[in-house]
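Heads up: the structure comes next, in structure tokens.
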Amino acid sequence: MAHAGKARELTAALLSRCRFPERPTLVCAVSGGADSAALLVLAATAGYAVVEAVHVDHGLRPDSAGEREQVRQLAQRVGARFRSVKVDVGPGSNLEARAREARYAALPADVATGHTMDDLAETVLLNLLRGAATDGLSPLVSGPRVRPLLGLRRAETAQLCAAHGYVPVVDEMNADPAFRRVRVRHELLPLLSDVAERDVVPVLARQASLLHDELQYLSAQAELLDPTDARALGSAPVALARRAVRLWLAREGVGNGHPPPAAAIERVLALAAGRGSRADLFGGWSVARRDQRLRLIPPGAAPNPPR
């Protein structure tokens, strides 16, 4: 490291804009790219008793062993523990999603990830394009995983790596336009910034934060509403009723963690309003109404609820 003093100054400046949780230990997912490497460097200076870097090897790149060694050396340099986990990404469509699911399945639920403000903005746009509801427009802000770098930009994590003399791993998938996120990153965001005549990444990040705060309040109010009570659900404000149904489906495991389609929510509300006695949801689930009560029916179960 040619300029240790400048590296320390930059690390301290960026750390002041991070939101690391207060706990004795922190596990970091480190692929070796600039964002995750910066996460590890910053975590190592955040005052934890133990920081552990976990490298997940998907076996998708020919030099995965070299990348694993690169992460191990970085962890050793900053005084963090290190371990590597190998996962198998089976065949199928949407390689990016399957690799992500395999990676998180191998990591602790509260793992820290190197998502930046740029990642947040990209995810907002991706979810908007697929018609996501409010949850999709306030992504990465809540949940069990820790994302301390949402206040930083991608260019800053690269700057931090350079200051510490670390050459990040380059994932070729991040430049492949076959992936929609890559097109959002390199085409859509620059176009939006040009149209707006300003950098729209902080704007999108701010909107996500505001929506998250409002969603938290709406969720707290929705928890007071019994979603199985058709009369109460039908008389509640529609925004509150939709949220109550969404939370109900999530609690019951409908969709195995995937958010319910808007059409499924509307079908539940239609039943609550007295339009029909049974409706299909998604993933084999359905919902039935009898005597002003709603009941979820799992895949393969008897369709008739008890009286």
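By order of appearance in the structure tokens: chains A, B, ..., then residues from 1 within every chain, and ligands from 1 in the order shown.
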
Need to verify the contact set: A:His3, 10 Å, only C-alpha atoms, exclusion of same-chain residues closer than 5 positions in sequence. Can you return it as a PyMOL selection string? chain A and resi 8+163-165

Expected file: the selected residues, C-alpha atoms, as a PDB file, in the first residue's frame:
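The result, stored in out.pdb:
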```pdb
ATOM      1  CA  ARG A   8      -6.845   5.129   6.440  1.00  0.00           C
ATOM      2  CA  ALA A 163      -6.307   2.715  -1.916  1.00  0.00           C
ATOM      3  CA  HIS A 164      -5.614  -0.569  -0.125  1.00  0.00           C
ATOM      4  CA  GLY A 165      -3.764  -2.043  -3.088  1.00  0.00           C
TER       5      GLY A 165
END
```

Please return, as a ChimeraX atom specification, all residues of stretch 180-297 of chain A that DSSP assigns to helix (DSSP H, G or I) on the basis of the backbone. /A:180-196,201-222,230-235,238-251,262-272

When you count only C-alpha atoms, which of these residues is closest to A:Glu69: A:Val30, A:Ala46, A:Ala273, A:Val201?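 Using only C-alpha atoms, A:Glu69 sits closest to A:Val30.
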
One-decimal distance in Å that lies between atom CA of A:Pro299 and atom CA of A:Ala264: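 Going from atom CA of A:Ala264 over to atom CA of A:Pro299 covers 15.0 Å.
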
Which residues of stretch 155-261 of chain A have any atom within 8 Å of an atom in stretch 281-289 of chain A when counting only C-alpha atoms, and what is the closest pair of atoms for each, with the distance in Å to one decimal? Order the rows by chain and rising number and write it as a Markdown table.
```
| residue | atom | partner | partner_atom | distance |
| --- | --- | --- | --- | --- |
| A:Ala230 | CA | A:Arg289 | CA | 7.7 |
| A:Val254 | CA | A:Trp285 | CA | 7.0 |
| A:Gly255 | CA | A:Gly283 | CA | 6.0 |
| A:Pro260 | CA | A:Phe282 | CA | 7.5 |
| A:Pro261 | CA | A:Phe282 | CA | 7.9 |
```

Between A:Val111, A:Ala158, A:Ala80, A:Ala133, which residue has the minimum interatomic distance to A:Arg246, considering only C-alpha atoms? A:Ala133

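Compared by their closest atoms to A:Val78, and using only C-alpha atoms, the residues A:Thr45, A:Gln216, A:Thr113, A:Ser193 rank with A:Thr45 nearest.
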